[in-house]
Amino acid sequence: MDLQAFFEQERSAGADLVIAIIVATEGSTYRKPGAFMLLSSSGRRAGLLSGGCLEGDLHEHALKMLADDRRCMMHRYDNRSSDDPIWGLGLGCEGSMTIFLLRCSTGDSYEPLTSIFNGLTKNEAVELMIDLRDGAFITPDSATSAPVSSVDHFLLRITPPLRLLICGAGPDSEPLFDFAHRLGWKVTLLDHRPAYAVMHRFSGAEIVKQIELDEWVKDLDLQRYSAAVVMSHHLGADAQYLRGLARSTIPYIGLLGPPARRERLLADVGPLAADLATRLRAPVGLNLGGRTPEAIALSIVAEIQAAFSLNAV
């Protein structure tokens, strides 16, 4: 379950929550400063800050903090020695991390989590300057002289998840959706065929929509999407998708199929094909080997992940 869905469930149940944020690391660690997870008074939790080694212990600290009615606390895990008395697990990760725990509950309107997820829902990046002494926070633009990151403050920057547009909801789109959804991406699927554009095939998708090909962009804000993959296996449909995407600013556009098919489609698209030149990945996907729908889906998701992680688009 993604963090936002977890937050909404626990808030609806009236549970107290603790956001655990990595604010400093040394050496080799599973995740880096800015990563966070959620811990609930219900005993449930979502997210990972390690490979599963410290989350149970961290949850115990969070529950004690809630029981003592504390607003926040700092906790440090040092695994730079295999016989460290805190971990005592001999993990050999050779790193340490400092984690800030902050209570978010009904009394404070579940802030700052409410602001964080409201921003992400709007597809907006969120920045919060958190005072590590008392848990107070501000947005950097809400004060004329916001404090800079220091030993007493931490600037938390959270970017919206990737939004993927899949044009064509045939059977081979299902593993692509599954991989993307597991990564926490927000996924929209479109298809002109009513048998394919059905929500129950894509549980957790942001949008599943049947469209008319000649006006498929109607009521759809393409500027919200990070990447699009065209995979309807229908030449006329794919050409229509490419025409609409050519007019967008989506930085990554993938097209399924061999080079000969790509060239035929670009010829059909006409002059607009020039607007796709620097953005089109065709054939889409990294060359990982494998010919199954699952292997192809993995190669596509891997290429998109690499492109955005390496700031290549």
# chains A, B, ... in the order shown; residues from 1 in each chain; ligands from 1
>>> residues_around(residues="A:Phe36", least_positions_apart="6", cutoff="12 Å", atoms="only C-alpha atoms", output="MDAnalysis selection string")
chainID A and resid 3 18:24 45:50 55 98:102 113 116 156:158
>>> write_last_selection(atoms="N, CA and C atoms", output="tab-separated table (two decimals), in the first residue's frame")
chain	number	residue	atom	x	y	z
A	3	LEU	N	1.93	5.26	0.62
A	3	LEU	CA	1.86	6.04	1.85
A	3	LEU	C	0.59	6.86	1.94
A	18	VAL	N	2.77	8.65	13.26
A	18	VAL	CA	4.10	9.22	13.41
A	18	VAL	C	4.78	9.15	12.05
A	19	ILE	N	5.29	10.29	11.59
A	19	ILE	CA	6.10	10.30	10.39
A	19	ILE	C	7.56	10.20	10.82
A	20	ALA	N	8.27	9.22	10.27
A	20	ALA	CA	9.68	9.00	10.60
A	20	ALA	C	10.51	9.39	9.38
A	21	ILE	N	11.34	10.42	9.55
A	21	ILE	CA	12.09	11.01	8.43
A	21	ILE	C	13.59	10.83	8.67
A	22	ILE	N	14.29	10.31	7.69
A	22	ILE	CA	15.75	10.27	7.79
A	22	ILE	C	16.27	11.69	7.57
A	23	VAL	N	16.99	12.21	8.56
A	23	VAL	CA	17.52	13.58	8.46
A	23	VAL	C	19.03	13.61	8.28
A	24	ALA	N	19.71	12.50	8.54
A	24	ALA	CA	21.17	12.46	8.34
A	24	ALA	C	21.61	11.02	8.20
A	45	ARG	N	2.10	-0.08	9.75
A	45	ARG	CA	3.08	0.87	9.23
A	45	ARG	C	3.18	0.71	7.72
A	46	ALA	N	3.71	1.76	7.08
A	46	ALA	CA	3.86	1.75	5.63
A	46	ALA	C	5.17	2.43	5.27
A	47	GLY	N	5.86	1.86	4.29
A	47	GLY	CA	7.14	2.39	3.86
A	47	GLY	C	8.29	1.67	4.51
A	48	LEU	N	9.48	1.91	4.00
A	48	LEU	CA	10.70	1.30	4.53
A	48	LEU	C	11.81	2.34	4.59
A	49	LEU	N	12.58	2.32	5.65
A	49	LEU	CA	13.77	3.14	5.76
A	49	LEU	C	15.03	2.28	5.72
A	50	SER	N	14.86	0.98	5.93
A	50	SER	CA	15.96	0.03	5.83
A	50	SER	C	15.43	-1.18	5.07
A	55	GLU	N	12.70	-1.29	11.32
A	55	GLU	CA	11.36	-0.73	11.38
A	55	GLU	C	10.58	-1.17	12.62
A	98	THR	N	20.21	8.94	11.21
A	98	THR	CA	19.50	9.66	12.25
A	98	THR	C	18.08	9.91	11.75
A	99	ILE	N	17.12	9.53	12.58
A	99	ILE	CA	15.72	9.55	12.18
A	99	ILE	C	14.94	10.46	13.13
A	100	PHE	N	14.17	11.36	12.54
A	100	PHE	CA	13.32	12.27	13.31
A	100	PHE	C	11.90	11.75	13.27
A	101	LEU	N	11.28	11.60	14.45
A	101	LEU	CA	9.91	11.12	14.57
A	101	LEU	C	9.02	12.27	14.99
A	102	LEU	N	7.92	12.46	14.26
A	102	LEU	CA	7.01	13.58	14.50
A	102	LEU	C	5.58	13.07	14.55
A	113	LEU	N	1.33	15.99	7.51
A	113	LEU	CA	0.98	14.99	6.50
A	113	LEU	C	-0.16	15.47	5.61
A	116	ILE	N	1.31	17.71	3.04
A	116	ILE	CA	2.15	16.95	2.12
A	116	ILE	C	1.30	16.25	1.07
A	156	LEU	N	12.67	19.36	4.18
A	156	LEU	CA	12.09	18.15	3.57
A	156	LEU	C	11.51	18.52	2.21
A	157	ARG	N	12.04	17.92	1.17
A	157	ARG	CA	11.55	18.13	-0.19
A	157	ARG	C	10.92	16.83	-0.69
A	158	ILE	N	9.69	16.92	-1.14
A	158	ILE	CA	8.97	15.74	-1.63
A	158	ILE	C	8.43	16.05	-3.02
>>> residues_around(residues="A:Asp2", least_positions_apart="4", cutoff="10 Å", atoms="only C-alpha atoms", output="PyMOL selection string")
chain A and resi 6-7+46-47+181-185
>>> closest_residue(among="A:Glu303, A:Glu294, A:Glu26, A:Asp78", to="A:Phe179", atoms="only C-alpha atoms")
A:Glu294
>>> closest_residue(among="A:Gly34, A:Pro171, A:Pro161, A:Gly107", to="A:Leu128", atoms="only C-alpha atoms")
A:Gly34
>>> select_by_dssp(residues="stretch 36-89 of chain A", states="strand (DSSP E)", output="number ranges by chain")
A: 36-40, 45-46, 72-78
>>> atom_distance(atom1="atom CA of A:Asp238", atom2="atom CA of A:Glu263")
12.3 Å
>>> residues_around(residues="A:Ile300", least_positions_apart="4", cutoff="10 Å", atoms="only C-alpha atoms", output="list in words")
Leu176, Phe179, Ala180, Val229, Gly254, Leu255, Leu256, Arg281, Pro283, Val284, Gly285, Leu286, Asn287, Leu288, Glu294, Ala295, Ile296, Ile304, Gln305 and Ala306 of chain A
>>> select_by_dssp(residues="stretch 40-135 of chain A", states="alpha helix (DSSP H)", output="list in words")
Glu55, Gly56, Asp57, Leu58, His59, Glu60, His61, Ala62, Leu63, Lys64, Met65, Leu66, Ala67, Leu113, Thr114, Ser115, Ile116, Phe117, Asn118, Gly119, Leu120 and Thr121 of chain A
>>> write_last_selection(atoms="C-alpha atoms", output="compact mmCIF listing (two decimals), in the first residue's frame")
# COMPACT_ATOMS: atom_id res chain seq x y z
CA GLU A 55 11.36 -0.73 11.38
CA GLY A 56 10.04 -2.88 14.23
CA ASP A 57 12.30 -1.22 16.77
CA LEU A 58 11.49 2.21 15.34
CA HIS A 59 7.79 1.47 15.71
CA GLU A 60 8.29 0.69 19.40
CA HIS A 61 9.93 4.08 19.89
CA ALA A 62 7.06 5.75 18.04
CA LEU A 63 4.44 4.03 20.20
CA LYS A 64 6.27 5.05 23.37
CA MET A 65 6.47 8.62 22.10
CA LEU A 66 2.71 8.62 21.52
CA ALA A 67 2.05 7.11 24.95
CA LEU A 113 0.98 14.99 6.50
CA THR A 114 -2.24 16.68 5.39
CA SER A 115 -0.29 19.43 3.63
CA ILE A 116 2.15 16.95 2.12
CA PHE A 117 -0.50 14.73 0.57
CA ASN A 118 -2.72 17.65 -0.48
CA GLY A 119 0.23 18.99 -2.46
CA LEU A 120 1.04 15.64 -4.03
CA THR A 121 -2.61 15.17 -5.00
>>> atom_distance(atom1="atom CA of A:Val198", atom2="atom CA of A:Cys167")
13.7 Å
>>> residues_around(residues="A:Ala13", least_positions_apart="3", cutoff="12 Å", atoms="only C-alpha atoms", output="PyMOL selection string")
chain A and resi 6-10+16-17+40-42+105-106
>>> residues_around(residues="A:Ser248", least_positions_apart="4", cutoff="9 Å", atoms="only C-alpha atoms", output="list in words")
Leu222, Gln223 and Gly244 of chain A
>>> closest_residue(among="A:Ala297, A:Pro112, A:Leu155, A:Asp275", to="A:Ala35", atoms="only C-alpha atoms")
A:Leu155
>>> closest_residue(among="A:Leu54, A:Met37, A:Glu124, A:Asp214", to="A:Arg76", atoms="only C-alpha atoms")
A:Leu54
>>> residues_around(residues="A:Leu280", least_positions_apart="6", cutoff="10 Å", atoms="only C-alpha atoms", output="PyMOL selection string")
chain A and resi 228-229+242+245-246+251-255+262+273
>>> write_last_selection(atoms="N, CA and C atoms", output="CSV table (one decimal), in the first residue's frame")
chain,number,residue,atom,x,y,z
A,228,ALA,N,4.6,8.7,-21.2
A,228,ALA,CA,3.5,8.0,-21.9
A,228,ALA,C,4.1,6.9,-22.7
A,229,VAL,N,3.3,5.8,-22.8
A,229,VAL,CA,3.7,4.6,-23.6
A,229,VAL,C,2.5,4.3,-24.5
A,242,LEU,N,-0.1,9.3,-31.0
A,242,LEU,CA,1.2,10.0,-31.3
A,242,LEU,C,0.9,11.5,-31.7
A,245,LEU,N,0.2,13.3,-28.5
A,245,LEU,CA,1.4,13.4,-27.7
A,245,LEU,C,2.4,14.4,-28.2
A,246,ALA,N,2.4,14.5,-29.6
A,246,ALA,CA,3.3,15.4,-30.2
A,246,ALA,C,3.0,16.8,-29.8
A,251,PRO,N,7.9,14.6,-21.5
A,251,PRO,CA,9.3,14.5,-21.9
A,251,PRO,C,9.7,13.1,-22.3
A,252,TYR,N,8.9,12.1,-21.9
A,252,TYR,CA,9.3,10.7,-22.3
A,252,TYR,C,8.1,10.1,-23.0
A,253,ILE,N,8.2,9.7,-24.3
A,253,ILE,CA,7.2,9.0,-25.0
A,253,ILE,C,7.7,7.7,-25.6
A,254,GLY,N,7.1,6.6,-25.2
A,254,GLY,CA,7.6,5.3,-25.6
A,254,GLY,C,6.6,4.7,-26.6
A,255,LEU,N,7.1,4.0,-27.6
A,255,LEU,CA,6.3,3.3,-28.6
A,255,LEU,C,6.7,1.9,-28.7
A,262,ARG,N,7.6,1.7,-36.4
A,262,ARG,CA,7.9,3.1,-36.0
A,262,ARG,C,7.9,4.0,-37.2
A,273,ALA,N,5.5,14.7,-36.5
A,273,ALA,CA,6.5,13.8,-36.1
A,273,ALA,C,7.8,14.5,-35.7
>>> atom_distance(atom1="atom CA of A:Thr188", atom2="atom CA of A:Lys209")
7.9 Å
>>> residues_around(residues="A:Ile211", least_positions_apart="2", cutoff="6 Å", atoms="only C-alpha atoms", output="list in words")
Asp191, His192 and Trp216 of chain A
>>> closest_residue(among="A:Gly14, A:Gly204, A:Pro271, A:Gly43", to="A:Glu174", atoms="only C-alpha atoms")
A:Gly204
